[in-house]
file data-v5.cif (mmCIF, C-alpha atoms)
data_work
loop_
_atom_site.group_PDB
_atom_site.id
_atom_site.type_symbol
_atom_site.label_atom_id
_atom_site.label_comp_id
_atom_site.auth_asym_id
_atom_site.auth_seq_id
_atom_site.Cartn_x
_atom_site.Cartn_y
_atom_site.Cartn_z
ATOM 1 C CA MET G 159 -29.148 -32.797 16.672
ATOM 2 C CA ALA G 160 -27.638 -29.293 16.768
ATOM 3 C CA ARG G 161 -24.178 -30.823 16.570
ATOM 4 C CA PHE G 162 -25.228 -32.859 13.538
ATOM 5 C CA PHE G 163 -26.365 -29.743 11.644
ATOM 6 C CA LEU G 164 -23.158 -27.913 12.619
ATOM 7 C CA CYS G 165 -21.082 -30.742 11.183
ATOM 8 C CA LEU G 166 -23.247 -30.726 8.059
ATOM 9 C CA LEU G 167 -22.694 -26.966 7.652
ATOM 10 C CA LEU G 168 -18.939 -27.306 8.046
ATOM 11 C CA ALA G 169 -18.839 -30.145 5.557
ATOM 12 C CA SER G 170 -20.605 -27.962 3.011
ATOM 13 C CA VAL G 171 -17.902 -25.273 3.124
ATOM 14 C CA ILE G 172 -14.661 -27.125 3.943
ATOM 15 C CA PRO G 173 -13.222 -29.337 1.193
ATOM 16 C CA LEU G 174 -12.053 -32.806 2.217
ATOM 17 C CA HIS G 175 -8.720 -32.001 0.584
ATOM 18 C CA ALA G 176 -6.997 -28.865 -0.611
ATOM 19 C CA ASP G 177 -7.684 -27.750 -4.174
ATOM 20 C CA VAL G 178 -4.694 -26.661 -6.222
ATOM 21 C CA ILE G 179 -6.028 -23.517 -7.877
ATOM 22 C CA SER G 180 -2.886 -21.974 -9.415
ATOM 23 C CA TRP G 181 -0.545 -22.404 -12.325
ATOM 24 C CA PRO G 182 2.606 -20.362 -13.125
ATOM 25 C CA VAL G 183 2.512 -17.538 -15.660
ATOM 26 C CA ASN G 184 4.903 -14.923 -16.976
ATOM 27 C CA SER G 185 4.640 -11.495 -15.340
ATOM 28 C CA TYR G 186 6.991 -9.420 -17.485
ATOM 29 C CA VAL G 187 8.142 -9.465 -21.096
ATOM 30 C CA GLY G 188 10.094 -6.197 -21.149
ATOM 31 C CA GLU G 189 13.811 -5.543 -20.964
ATOM 32 C CA ASN G 190 14.540 -3.932 -17.586
ATOM 33 C CA THR G 191 12.274 -4.177 -14.559
ATOM 34 C CA PRO G 192 12.016 -1.130 -12.264
ATOM 35 C CA ASP G 193 14.559 -0.935 -9.440
ATOM 36 C CA GLY G 194 11.888 -0.856 -6.745
ATOM 37 C CA ILE G 195 10.304 -4.257 -7.360
ATOM 38 C CA ARG G 196 11.236 -7.885 -7.922
ATOM 39 C CA VAL G 197 8.691 -10.531 -8.913
ATOM 40 C CA LEU G 198 9.421 -13.761 -7.039
ATOM 41 C CA ALA G 199 6.513 -15.761 -8.473
ATOM 42 C CA ALA G 200 3.470 -15.211 -10.680
ATOM 43 C CA PHE G 201 0.323 -17.326 -10.994
ATOM 44 C CA GLU G 202 -3.067 -17.366 -12.619
ATOM 45 C CA LEU G 203 -5.865 -18.681 -10.417
ATOM 46 C CA ASP G 204 -8.811 -20.845 -11.405
ATOM 47 C CA ASP G 205 -12.236 -19.209 -11.782
ATOM 48 C CA GLU G 206 -13.795 -21.795 -9.500
ATOM 49 C CA ALA G 207 -12.797 -24.645 -7.205
ATOM 50 C CA GLU G 208 -13.375 -28.364 -7.743
ATOM 51 C CA ASP G 209 -16.696 -28.110 -5.889
ATOM 52 C CA SER G 210 -17.785 -25.182 -8.151
ATOM 53 C CA THR G 211 -17.238 -22.536 -5.449
ATOM 54 C CA PRO G 212 -16.567 -19.257 -7.320
ATOM 55 C CA ILE G 213 -13.029 -17.932 -6.836
ATOM 56 C CA SER G 214 -13.293 -15.121 -9.391
ATOM 57 C CA GLY G 215 -13.777 -11.479 -8.456
ATOM 58 C CA LEU G 216 -10.999 -11.321 -5.839
ATOM 59 C CA SER G 217 -10.656 -7.779 -4.512
ATOM 60 C CA ALA G 218 -8.600 -8.022 -1.299
ATOM 61 C CA LEU G 219 -5.942 -10.084 0.474
ATOM 62 C CA ALA G 220 -4.893 -10.447 4.134
ATOM 63 C CA TRP G 221 -2.094 -12.555 5.633
ATOM 64 C CA ASP G 222 -2.574 -14.503 8.889
ATOM 65 C CA VAL G 223 0.841 -15.094 10.489
ATOM 66 C CA VAL G 224 -0.357 -17.465 13.238
ATOM 67 C CA ASN G 225 -2.339 -19.788 10.995
ATOM 68 C CA GLN G 226 -0.081 -19.281 7.962
ATOM 69 C CA LEU G 227 -3.065 -18.575 5.723
ATOM 70 C CA LEU G 228 -3.680 -16.057 2.995
ATOM 71 C CA TYR G 229 -7.286 -14.829 3.078
ATOM 72 C CA ALA G 230 -8.733 -13.770 -0.278
ATOM 73 C CA VAL G 231 -11.964 -11.771 -0.322
ATOM 74 C CA SER G 232 -14.225 -11.346 -3.331
ATOM 75 C CA TYR G 233 -16.810 -8.716 -4.192
ATOM 76 C CA ARG G 234 -19.182 -11.666 -4.585
ATOM 77 C CA GLY G 235 -19.204 -12.041 -0.794
ATOM 78 C CA TRP G 236 -16.790 -14.978 -0.382
ATOM 79 C CA LEU G 237 -13.894 -15.405 2.057
ATOM 80 C CA HIS G 238 -11.346 -17.970 0.836
ATOM 81 C CA HIS G 239 -8.638 -19.622 2.949
ATOM 82 C CA LEU G 240 -5.531 -20.171 0.821
ATOM 83 C CA GLN G 241 -2.595 -22.346 1.821
ATOM 84 C CA LEU G 242 0.743 -21.504 0.224
ATOM 85 C CA ARG G 243 3.585 -23.864 -0.634
ATOM 86 C CA PHE G 244 7.100 -22.455 -0.923
ATOM 87 C CA ASP G 245 10.104 -24.075 -2.598
ATOM 88 C CA SER G 246 13.636 -24.567 -1.243
ATOM 89 C CA ARG G 247 14.550 -21.012 -2.262
ATOM 90 C CA ASN G 248 11.616 -19.653 -0.239
ATOM 91 C CA ARG G 249 9.700 -18.712 -3.367
ATOM 92 C CA LEU G 250 5.988 -19.261 -3.771
ATOM 93 C CA ALA G 251 5.463 -22.503 -5.695
ATOM 94 C CA GLU G 252 1.773 -23.373 -5.354
ATOM 95 C CA ILE G 253 -1.537 -21.997 -4.042
ATOM 96 C CA ASN G 254 -4.137 -24.307 -2.524
ATOM 97 C CA ARG G 255 -7.685 -23.532 -1.405
ATOM 98 C CA LEU G 256 -8.423 -25.044 1.987
ATOM 99 C CA ALA G 257 -11.893 -23.602 2.593
ATOM 100 C CA SER G 258 -14.376 -20.994 1.413
ATOM 101 C CA TYR G 259 -17.087 -19.233 3.391
ATOM 102 C CA GLN G 260 -19.814 -16.813 2.447
ATOM 103 C CA LEU G 261 -19.774 -13.560 4.398
ATOM 104 C CA ARG G 262 -22.867 -13.328 6.614
ATOM 105 C CA ASP G 263 -24.920 -10.671 8.339
ATOM 106 C CA LEU G 264 -25.657 -10.498 12.076
ATOM 107 C CA LYS G 265 -28.513 -12.980 11.610
ATOM 108 C CA GLY G 266 -26.187 -15.507 10.004
ATOM 109 C CA LYS G 267 -27.599 -15.125 6.506
ATOM 110 C CA PRO G 268 -25.236 -14.839 3.492
ATOM 111 C CA LEU G 269 -24.787 -11.284 2.223
ATOM 112 C CA LYS G 270 -26.622 -10.513 -1.010
ATOM 113 C CA GLY G 271 -26.775 -7.734 -3.596
ATOM 114 C CA LYS G 272 -25.102 -4.449 -2.703
ATOM 115 C CA TRP G 273 -24.347 -5.702 0.825
ATOM 116 C CA ARG G 274 -21.766 -8.255 -0.338
ATOM 117 C CA ASP G 275 -19.435 -5.908 -2.276
ATOM 118 C CA ALA G 276 -16.274 -6.541 -0.201
ATOM 119 C CA GLU G 277 -13.255 -4.582 -1.448
ATOM 120 C CA SER G 278 -10.520 -4.414 1.230
ATOM 121 C CA ALA G 279 -9.254 -6.506 4.133
ATOM 122 C CA PHE G 280 -6.699 -6.853 6.912
ATOM 123 C CA VAL G 281 -6.179 -9.285 9.787
ATOM 124 C CA LEU G 282 -6.626 -8.535 13.491
ATOM 125 C CA GLN G 283 -4.841 -10.637 16.132
ATOM 126 C CA GLY G 284 -3.124 -12.607 13.388
ATOM 127 C CA ASP G 285 0.344 -12.461 14.956
ATOM 128 C CA ASN G 286 -0.330 -12.888 18.688
ATOM 129 C CA GLY G 287 0.479 -16.606 18.839
ATOM 130 C CA ILE G 288 -3.151 -17.640 19.459
ATOM 131 C CA ARG G 289 -4.574 -19.749 16.627
ATOM 132 C CA ASP G 290 -8.294 -19.449 17.238
ATOM 133 C CA ASP G 291 -8.947 -15.730 17.768
ATOM 134 C CA THR G 292 -8.089 -14.274 14.348
ATOM 135 C CA LEU G 293 -10.489 -11.725 12.894
ATOM 136 C CA ILE G 294 -10.616 -10.423 9.326
ATOM 137 C CA VAL G 295 -11.640 -6.796 8.912
ATOM 138 C CA ILE G 296 -13.360 -6.073 5.597
ATOM 139 C CA GLY G 297 -14.243 -2.768 3.948
ATOM 140 C CA PHE G 298 -17.269 -2.572 1.661
ATOM 141 C CA GLU G 299 -18.565 -0.462 -1.217
ATOM 142 C CA ARG G 300 -22.149 0.430 -2.201
ATOM 143 C CA SER G 301 -23.091 0.353 1.464
ATOM 144 C CA PRO G 302 -20.071 1.995 3.178
ATOM 145 C CA ARG G 303 -18.962 0.068 6.250
ATOM 146 C CA ILE G 304 -15.949 -1.634 7.834
ATOM 147 C CA VAL G 305 -16.824 -4.927 9.511
ATOM 148 C CA ARG G 306 -15.020 -7.506 11.675
ATOM 149 C CA TYR G 307 -15.511 -11.156 10.672
ATOM 150 C CA ARG G 308 -14.512 -14.515 12.028
ATOM 151 C CA PRO G 309 -12.593 -16.741 9.594
ATOM 152 C CA ASP G 310 -15.810 -18.708 9.013
ATOM 153 C CA GLY G 311 -17.540 -15.620 7.577
ATOM 154 C CA PHE G 312 -19.713 -14.742 10.579
ATOM 155 C CA GLN G 313 -19.931 -11.078 11.498
ATOM 156 C CA GLN G 314 -18.539 -9.858 14.822
ATOM 157 C CA GLY G 315 -19.244 -6.107 14.700
ATOM 158 C CA ARG G 316 -18.593 -2.862 12.847
ATOM 159 C CA TYR G 317 -16.308 0.106 13.245
ATOM 160 C CA SER G 318 -17.895 3.507 13.726
ATOM 161 C CA LEU G 319 -17.288 5.771 10.742
ATOM 162 C CA PRO G 320 -16.826 9.555 10.712
ATOM 163 C CA LYS G 321 -19.873 11.340 9.316
ATOM 164 C CA GLN G 322 -18.169 12.252 6.057
ATOM 165 C CA LEU G 323 -17.327 8.587 5.397
ATOM 166 C CA SER G 324 -20.648 7.057 6.419
ATOM 167 C CA LYS G 325 -22.930 8.806 3.920
ATOM 168 C CA LYS G 326 -23.258 7.525 0.346
ATOM 169 C CA LYS G 327 -23.759 11.027 -1.042
ATOM 170 C CA LYS G 328 -20.224 11.970 0.010
ATOM 171 C CA PHE G 329 -18.756 9.535 -2.531
ATOM 172 C CA HIS G 330 -18.636 10.080 -6.289
ATOM 173 C CA LYS G 331 -20.132 6.687 -7.066
ATOM 174 C CA PRO G 332 -21.376 3.670 -5.079
ATOM 175 C CA ASN G 333 -18.228 1.777 -6.100
ATOM 176 C CA ASP G 334 -15.786 4.568 -5.143
ATOM 177 C CA MET G 335 -15.675 3.749 -1.442
ATOM 178 C CA PHE G 336 -13.501 1.507 0.752
ATOM 179 C CA GLU G 337 -11.001 -0.096 -1.610
ATOM 180 C CA ALA G 338 -8.026 0.717 0.658
ATOM 181 C CA VAL G 339 -8.226 0.045 4.418
ATOM 182 C CA ALA G 340 -5.381 -0.887 6.804
ATOM 183 C CA MET G 341 -4.563 -1.113 10.514
ATOM 184 C CA HIS G 342 -1.757 1.209 11.640
ATOM 185 C CA GLU G 343 -0.144 0.040 14.902
ATOM 186 C CA GLU G 344 -0.277 3.516 16.493
ATOM 187 C CA LEU G 345 -3.027 5.362 14.612
ATOM 188 C CA GLY G 346 -5.562 2.564 14.292
ATOM 189 C CA VAL G 347 -7.742 1.968 11.230
ATOM 190 C CA MET G 348 -6.683 4.087 8.252
ATOM 191 C CA LEU G 349 -8.261 4.348 4.816
ATOM 192 C CA ILE G 350 -8.049 6.137 1.491
ATOM 193 C CA PRO G 351 -11.267 6.212 -0.595
ATOM 194 C CA GLN G 352 -11.043 4.940 -4.131
ATOM 195 C CA LYS G 353 -11.482 8.525 -5.348
ATOM 196 C CA PRO G 354 -11.650 11.895 -3.543
ATOM 197 C CA LEU G 355 -14.852 12.647 -1.682
ATOM 198 C CA MET G 356 -17.343 15.033 -3.238
ATOM 199 C CA GLY G 357 -16.128 18.615 -3.058
ATOM 200 C CA ARG G 358 -12.437 17.652 -2.851
ATOM 201 C CA GLU G 359 -9.921 18.004 -5.678
ATOM 202 C CA ILE G 360 -7.368 15.642 -4.163
ATOM 203 C CA ASN G 361 -7.754 12.504 -2.110
ATOM 204 C CA ALA G 362 -6.973 12.049 1.586
ATOM 205 C CA LEU G 363 -5.775 9.476 4.101
ATOM 206 C CA TYR G 364 -8.338 9.229 6.898
ATOM 207 C CA ARG G 365 -7.982 7.984 10.458
ATOM 208 C CA LEU G 366 -11.217 6.611 11.880
ATOM 209 C CA LYS G 367 -10.398 7.447 15.488
ATOM 210 C CA GLY G 368 -10.416 11.197 15.993
ATOM 211 C CA GLU G 369 -11.517 11.810 12.385
ATOM 212 C CA LYS G 370 -8.036 13.029 11.455
ATOM 213 C CA GLN G 371 -7.128 13.354 7.765
ATOM 214 C CA TRP G 372 -4.080 14.111 5.638
ATOM 215 C CA ASP G 373 -4.089 15.244 1.995
ATOM 216 C CA TYR G 374 -2.928 12.549 -0.407
ATOM 217 C CA GLU G 375 -2.227 13.521 -4.016
ATOM 218 C CA MET G 376 -2.653 10.677 -6.470
ATOM 219 C CA GLU G 377 -1.098 10.179 -9.899
ATOM 220 C CA SER G 378 -2.737 12.178 -12.679
ATOM 221 C CA GLU G 379 -2.857 9.276 -15.164
ATOM 222 C CA ARG G 380 -6.160 8.746 -16.917
ATOM 223 C CA GLY G 381 -8.560 6.450 -15.051
ATOM 224 C CA ASN G 382 -6.450 6.391 -11.875
ATOM 225 C CA SER G 383 -7.956 5.387 -8.527
ATOM 226 C CA MET G 384 -6.831 4.016 -5.166
ATOM 227 C CA ALA G 385 -6.769 0.207 -5.108
ATOM 228 C CA ALA G 386 -5.219 -0.979 -1.826
ATOM 229 C CA LEU G 387 -3.448 0.028 1.367
ATOM 230 C CA GLU G 388 -1.200 -2.017 3.672
ATOM 231 C CA ALA G 389 0.484 -1.089 6.959
ATOM 232 C CA LEU G 390 4.145 -1.919 7.652
ATOM 233 C CA PRO G 391 5.785 -2.678 11.027
ATOM 234 C CA ASP G 392 7.879 0.518 10.880
ATOM 235 C CA GLY G 393 4.748 2.705 10.940
ATOM 236 C CA SER G 394 4.684 3.482 7.217
ATOM 237 C CA LEU G 395 2.062 2.343 4.697
ATOM 238 C CA VAL G 396 2.196 0.971 1.172
ATOM 239 C CA ALA G 397 -0.454 2.247 -1.233
ATOM 240 C CA MET G 398 -1.354 0.736 -4.588
ATOM 241 C CA GLU G 399 -2.930 2.975 -7.238
ATOM 242 C CA ARG G 400 -4.423 1.567 -10.429
ATOM 243 C CA ALA G 401 -4.849 3.606 -13.604
ATOM 244 C CA TRP G 402 -7.086 1.733 -16.037
ATOM 245 C CA ASP G 403 -7.968 3.347 -19.348
ATOM 246 C CA ARG G 404 -10.344 1.006 -21.177
ATOM 247 C CA VAL G 405 -10.403 3.226 -24.283
ATOM 248 C CA PHE G 406 -6.655 3.026 -24.940
ATOM 249 C CA PHE G 407 -6.170 -0.395 -23.289
ATOM 250 C CA SER G 408 -3.718 1.130 -20.843
ATOM 251 C CA LEU G 409 -3.137 -0.277 -17.360
ATOM 252 C CA VAL G 410 -0.660 1.190 -14.881
ATOM 253 C CA ILE G 411 0.018 0.150 -11.269
ATOM 254 C CA ASN G 412 1.830 2.595 -8.962
ATOM 255 C CA LEU G 413 3.177 1.367 -5.626
ATOM 256 C CA LYS G 414 4.083 4.022 -3.041
ATOM 257 C CA GLN G 415 5.361 4.198 0.509
ATOM 258 C CA ILE G 416 3.609 6.657 2.838
ATOM 259 C CA ARG G 417 4.969 8.060 6.101
ATOM 260 C CA VAL G 418 2.561 9.931 8.353
ATOM 261 C CA ASP G 419 3.741 13.120 10.060
ATOM 262 C CA SER G 420 1.528 15.097 12.406
ATOM 263 C CA ASP G 421 0.325 17.466 9.688
ATOM 264 C CA ARG G 422 1.402 15.973 6.353
ATOM 265 C CA LEU G 423 2.273 12.828 4.445
ATOM 266 C CA VAL G 424 5.687 11.983 3.044
ATOM 267 C CA VAL G 425 5.051 9.908 -0.075
ATOM 268 C CA GLU G 426 7.721 8.115 -2.097
ATOM 269 C CA LYS G 427 7.091 6.107 -5.239
ATOM 270 C CA ILE G 428 8.465 2.563 -5.060
ATOM 271 C CA ALA G 429 7.669 1.261 -8.547
ATOM 272 C CA ARG G 430 5.542 1.952 -11.615
ATOM 273 C CA LEU G 431 4.264 -1.013 -13.637
ATOM 274 C CA SER G 432 2.763 -0.430 -17.084
ATOM 275 C CA ASN G 433 1.438 -2.876 -19.647
ATOM 276 C CA ALA G 434 2.938 -0.568 -22.293
ATOM 277 C CA GLU G 435 6.390 -1.344 -20.883
ATOM 278 C CA GLY G 436 6.136 -5.117 -20.860
ATOM 279 C CA TRP G 437 4.270 -5.889 -17.646
ATOM 280 C CA ILE G 438 1.487 -8.475 -17.848
ATOM 281 C CA LEU G 439 -1.167 -6.828 -15.707
ATOM 282 C CA ASP G 440 -4.841 -7.040 -14.949
ATOM 283 C CA ASN G 441 -7.208 -5.244 -12.603
ATOM 284 C CA PHE G 442 -4.988 -5.454 -9.491
ATOM 285 C CA GLU G 443 -6.952 -4.575 -6.345
ATOM 286 C CA GLY G 444 -5.606 -6.643 -3.444
ATOM 287 C CA LEU G 445 -2.333 -6.152 -1.538
ATOM 288 C CA ALA G 446 -1.045 -7.959 1.561
ATOM 289 C CA ARG G 447 2.345 -8.037 3.258
ATOM 290 C CA HIS G 448 3.732 -11.527 3.814
ATOM 291 C CA GLN G 449 7.049 -11.024 5.595
ATOM 292 C CA ASP G 450 9.997 -8.624 5.492
ATOM 293 C CA LYS G 451 9.514 -6.663 2.257
ATOM 294 C CA ARG G 452 7.582 -9.373 0.446
ATOM 295 C CA PHE G 453 3.964 -8.862 -0.598
ATOM 296 C CA PHE G 454 1.138 -10.546 -2.472
ATOM 297 C CA ILE G 455 -0.942 -8.653 -5.046
ATOM 298 C CA VAL G 456 -4.054 -10.020 -6.758
ATOM 299 C CA SER G 457 -6.277 -8.905 -9.621
ATOM 300 C CA ASP G 458 -10.060 -8.875 -9.875
ATOM 301 C CA ASP G 459 -11.167 -10.428 -13.150
ATOM 302 C CA ASN G 460 -14.637 -8.822 -12.914
ATOM 303 C CA GLN G 461 -16.087 -12.193 -13.988
ATOM 304 C CA ASN G 462 -15.015 -11.209 -17.494
ATOM 305 C CA PRO G 463 -13.732 -14.031 -19.757
ATOM 306 C CA LEU G 464 -11.241 -11.580 -21.287
ATOM 307 C CA GLN G 465 -9.611 -10.927 -17.906
ATOM 308 C CA ARG G 466 -7.662 -13.135 -15.498
ATOM 309 C CA THR G 467 -7.158 -13.540 -11.772
ATOM 310 C CA LEU G 468 -3.421 -13.007 -11.343
ATOM 311 C CA LEU G 469 -1.590 -13.401 -8.037
ATOM 312 C CA TYR G 470 1.999 -12.130 -7.884
ATOM 313 C CA TYR G 471 4.482 -12.651 -5.067
ATOM 314 C CA ILE G 472 6.754 -9.616 -5.077
ATOM 315 C CA GLU G 473 9.543 -7.972 -3.127
ATOM 316 C CA LEU G 474 9.492 -4.200 -2.761
ATOM 317 C CA LYS G 475 12.508 -2.029 -2.030
ATOM 318 C CA THR G 476 10.964 0.098 0.711
ATOM 319 C CA ARG G 477 13.050 2.180 3.102
#
call {"tool": "encode", "arguments": {"input": "data-v5.cif", "output": "C-alpha cells"}}
result
Amino acid sequence: MARFFLCLLLASVIPLHADVISWPVNSYVGENTPDGIRVLAAFELDDEAEDSTPISGLSALAWDVVNQLLYAVSYRGWLHHLQLRFDSRNRLAEINRLASYQLRDLKGKPLKGKWRDAESAFVLQGDNGIRDDTLIVIGFERSPRIVRYRPDGFQQGRYSLPKQLSKKKKFHKPNDMFEAVAMHEELGVMLIPQKPLMGREINALYRLKGEKQWDYEMESERGNSMAALEALPDGSLVAMERAWDRVFFSLVINLKQIRVDSDRLVVEKIARLSNAEGWILDNFEGLARHQDKRFFIVSDDNQNPLQRTLLYYIELKTR
C-alpha cells in the first residue's frame, strides 16, 4: 500500500513526457555588443507547463553536471528539472521540463506564504560522478535561511547563519535577503545580501564559516541591488547586479568577476547590459555556470503579464 501511494505521488509531479517550454527570441537590437559577453541563445519560457504547473516567477538556476539537468527555482516554492537540447554547434536549441516539485518543510508539507520565497540556488555533489546523491542548496527571503534539498523537493537540513545574517531586523526589507548565494571550493558558502545590511553604507561578501566578510561596493545606478552569485573553478566568483528603475523604465545588468584576497576583494566588470542601449532585458535574477565560460541567466516575470521569463545562454570573457 505504501508503495502504491509513493507511485501515485511521483506520478503527480513527473510528466509522462518532457514539455517543450521555450521558444527563441531576440536578445539585442543595438549596434555593438560589449566585449565581455556573447549571447549564444535566447529564449522566452512558458508561464506554465502542459499540466498547468506554474513555471513563472523563476528566481534562481543551478546546473547539475552528473545528471545534465538545469534546476530552476521559483519564489512560488517550485523546483523545476529542465533538460537542455544543444545543436551541432553546441548552442542551446531547446528547453524541456522533465519534472517539477514543490519545496517542502521537514514534515514533508509544501512551503506556503513567506516560507516559500526561494531566491538563490547552487548544487552540491553535482560533479562527483554519482547520479543519486545531488543536493540543491536554496537561499530564501522573508524568513532568512539557507537550506539543503533533495531534487524531489524534500528538505535535508539547514546551514547555520552568523548572527548578523539570521535576524530579519538586520535587513532593510523582508525581500532584501539571500538573492546571491554560492559555494566556493575553499571558503565554503558565500553570499552577498540583495542590499547592504542596516547600518552599512556599502554591501559585503560574507563567508558563513568563520563569519568572515569583505566590503563589496556596488554600482551607484538608481534601483541597483545584488541579483545572483556564482562560483568558478579558479576560485573567483561572478556577481550579477540588477538596476531597475520603474519610474524611468530603465533596466541595467552588470556582470562582475570577484577575486577574494585575505583582506579585500578584487572586482572587475565583465559586461554592462542596458535596455537603453539595445538589450532586451527583464528582471534577471538567476545565474548558473554551465561549462567553461558559458552561463545561463534567467529573469523573474513577477507573475506580471507585462513581463517575460527570459533565459539566455551566454559566454563571458572572464580572466
call {"tool": "resolve_selection", "arguments": {"input": "data-v5.cif", "expression": "the PyMOL selection byres ((chain G and resi 185-190) around 8)", "output": "number ranges by chain"}}
result
G: 183-184, 191-192, 197, 200, 435-439, 470
call {"tool": "atom_distance", "arguments": {"input": "data-v5.cif", "atom1": "CA of Leu349 in chain G", "atom2": "CA of Ser324 in chain G"}}
result
12.8 Å
call {"tool": "atom_distance", "arguments": {"input": "data-v5.cif", "atom1": "CA of Ala218 in chain G", "atom2": "CA of Leu445 in chain G"}}
result
6.5 Å
call {"tool": "residues_around", "arguments": {"input": "data-v5.cif", "residues": "range 331-341 of chain G", "least_positions_apart": "2", "cutoff": "8 Å", "atoms": "only C-alpha atoms", "output": "ChimeraX atom specification"}}
result
/G:277-280,297-303,326,329,343,345-353,384-389,397,443
call {"tool": "resolve_selection", "arguments": {"input": "data-v5.cif", "expression": "the PyMOL selection byres ((chain G and resi 193) around 12)", "output": "PyMOL selection string"}}
result
chain G and resi 190-192+194-197+427-431+473-476
call {"tool": "closest_residue", "arguments": {"input": "data-v5.cif", "among": "G:Val223, G:Val305, G:Leu355, G:Ala401", "to": "Arg380 in chain G", "atoms": "all atoms listed in the file"}}
result
G:Ala401
call {"tool": "closest_residue", "arguments": {"input": "data-v5.cif", "among": "G:Leu409, G:Met356, G:Ala362, G:Ala446", "to": "Arg422 in chain G", "atoms": "only C-alpha atoms"}}
result
G:Ala362
call {"tool": "atom_distance", "arguments": {"input": "data-v5.cif", "atom1": "CA of Ile411 in chain G", "atom2": "CA of Ser383 in chain G"}}
result
9.9 Å
call {"tool": "residues_around", "arguments": {"input": "data-v5.cif", "residues": "range 281-295 of chain G", "least_positions_apart": "6", "cutoff": "10 Å", "atoms": "all atoms listed in the file", "output": "CSV table (one decimal) with C-alpha atoms, in the coordinates of the input"}}
result
chain,number,residue,atom,x,y,z
G,219,LEU,CA,-5.9,-10.1,0.5
G,220,ALA,CA,-4.9,-10.4,4.1
G,221,TRP,CA,-2.1,-12.6,5.6
G,222,ASP,CA,-2.6,-14.5,8.9
G,223,VAL,CA,0.8,-15.1,10.5
G,224,VAL,CA,-0.4,-17.5,13.2
G,225,ASN,CA,-2.3,-19.8,11.0
G,226,GLN,CA,-0.1,-19.3,8.0
G,227,LEU,CA,-3.1,-18.6,5.7
G,228,LEU,CA,-3.7,-16.1,3.0
G,229,TYR,CA,-7.3,-14.8,3.1
G,231,VAL,CA,-12.0,-11.8,-0.3
G,237,LEU,CA,-13.9,-15.4,2.1
G,304,ILE,CA,-15.9,-1.6,7.8
G,305,VAL,CA,-16.8,-4.9,9.5
G,306,ARG,CA,-15.0,-7.5,11.7
G,307,TYR,CA,-15.5,-11.2,10.7
G,308,ARG,CA,-14.5,-14.5,12.0
G,309,PRO,CA,-12.6,-16.7,9.6
G,310,ASP,CA,-15.8,-18.7,9.0
G,311,GLY,CA,-17.5,-15.6,7.6
G,312,PHE,CA,-19.7,-14.7,10.6
G,313,GLN,CA,-19.9,-11.1,11.5
G,314,GLN,CA,-18.5,-9.9,14.8
G,315,GLY,CA,-19.2,-6.1,14.7
G,316,ARG,CA,-18.6,-2.9,12.8
G,317,TYR,CA,-16.3,0.1,13.2
G,339,VAL,CA,-8.2,0.0,4.4
G,340,ALA,CA,-5.4,-0.9,6.8
G,341,MET,CA,-4.6,-1.1,10.5
G,347,VAL,CA,-7.7,2.0,11.2
G,446,ALA,CA,-1.0,-8.0,1.6
call {"tool": "resolve_selection", "arguments": {"input": "data-v5.cif", "expression": "the PyMOL selection byres ((chain G and resi 258-260) around 9)", "output": "list of chain:residue names"}}
result
G:Val171, G:Ile172, G:Pro173, G:Thr211, G:Ile213, G:Arg234, G:Gly235, G:Trp236, G:Leu237, G:His238, G:His239, G:Leu240, G:Arg255, G:Leu256, G:Ala257, G:Leu261, G:Arg262, G:Lys267, G:Pro268, G:Leu269, G:Pro309, G:Asp310, G:Gly311, G:Phe312
call {"tool": "write_last_selection", "arguments": {"input": "data-v5.cif", "atoms": "C-alpha atoms", "output": "mmCIF file, in the frame of the given file"}}
result
data_model
loop_
_atom_site.group_PDB
_atom_site.id
_atom_site.type_symbol
_atom_site.label_atom_id
_atom_site.label_comp_id
_atom_site.auth_asym_id
_atom_site.auth_seq_id
_atom_site.Cartn_x
_atom_site.Cartn_y
_atom_site.Cartn_z
ATOM 1 C CA VAL G 171 -17.902 -25.273 3.124
ATOM 2 C CA ILE G 172 -14.661 -27.125 3.943
ATOM 3 C CA PRO G 173 -13.222 -29.337 1.193
ATOM 4 C CA THR G 211 -17.238 -22.536 -5.449
ATOM 5 C CA ILE G 213 -13.029 -17.932 -6.836
ATOM 6 C CA ARG G 234 -19.182 -11.666 -4.585
ATOM 7 C CA GLY G 235 -19.204 -12.041 -0.794
ATOM 8 C CA TRP G 236 -16.790 -14.978 -0.382
ATOM 9 C CA LEU G 237 -13.894 -15.405 2.057
ATOM 10 C CA HIS G 238 -11.346 -17.970 0.836
ATOM 11 C CA HIS G 239 -8.638 -19.622 2.949
ATOM 12 C CA LEU G 240 -5.531 -20.171 0.821
ATOM 13 C CA ARG G 255 -7.685 -23.532 -1.405
ATOM 14 C CA LEU G 256 -8.423 -25.044 1.987
ATOM 15 C CA ALA G 257 -11.893 -23.602 2.593
ATOM 16 C CA LEU G 261 -19.774 -13.560 4.398
ATOM 17 C CA ARG G 262 -22.867 -13.328 6.614
ATOM 18 C CA LYS G 267 -27.599 -15.125 6.506
ATOM 19 C CA PRO G 268 -25.236 -14.839 3.492
ATOM 20 C CA LEU G 269 -24.787 -11.284 2.223
ATOM 21 C CA PRO G 309 -12.593 -16.741 9.594
ATOM 22 C CA ASP G 310 -15.810 -18.708 9.013
ATOM 23 C CA GLY G 311 -17.540 -15.620 7.577
ATOM 24 C CA PHE G 312 -19.713 -14.742 10.579
#
call {"tool": "axis_aligned_box", "arguments": {"input": "data-v5.cif", "around": "range 361-370 of chain G", "padding_each_side": "3 Å", "output": "lines of an AutoDock Vina configuration file"}}
result
center_x = -8.6
center_y = 9.8
center_z = 6.9
size_x = 11.7
size_y = 12.4
size_z = 24.1
call {"tool": "residues_near_point", "arguments": {"input": "data-v5.cif", "point": "(-5.5, -9.3, -14.0)", "cutoff": "12 Å", "atoms": "all atoms listed in the file", "output": "ChimeraX atom specification"}}
result
/G:183,185,200-203,214-217,400,402,409-411,433,437-444,455-470
call {"tool": "closest_residue", "arguments": {"input": "data-v5.cif", "among": "G:Met398, G:Ala276, G:Ile296, G:Ala199", "to": "Glu252 in chain G", "atoms": "all atoms listed in the file"}}
result
G:Ala199
call {"tool": "closest_residue", "arguments": {"input": "data-v5.cif", "among": "G:Ile179, G:Asn248, G:Asp421, G:Glu208", "to": "Gln371 in chain G", "atoms": "all atoms listed in the file"}}
result
G:Asp421
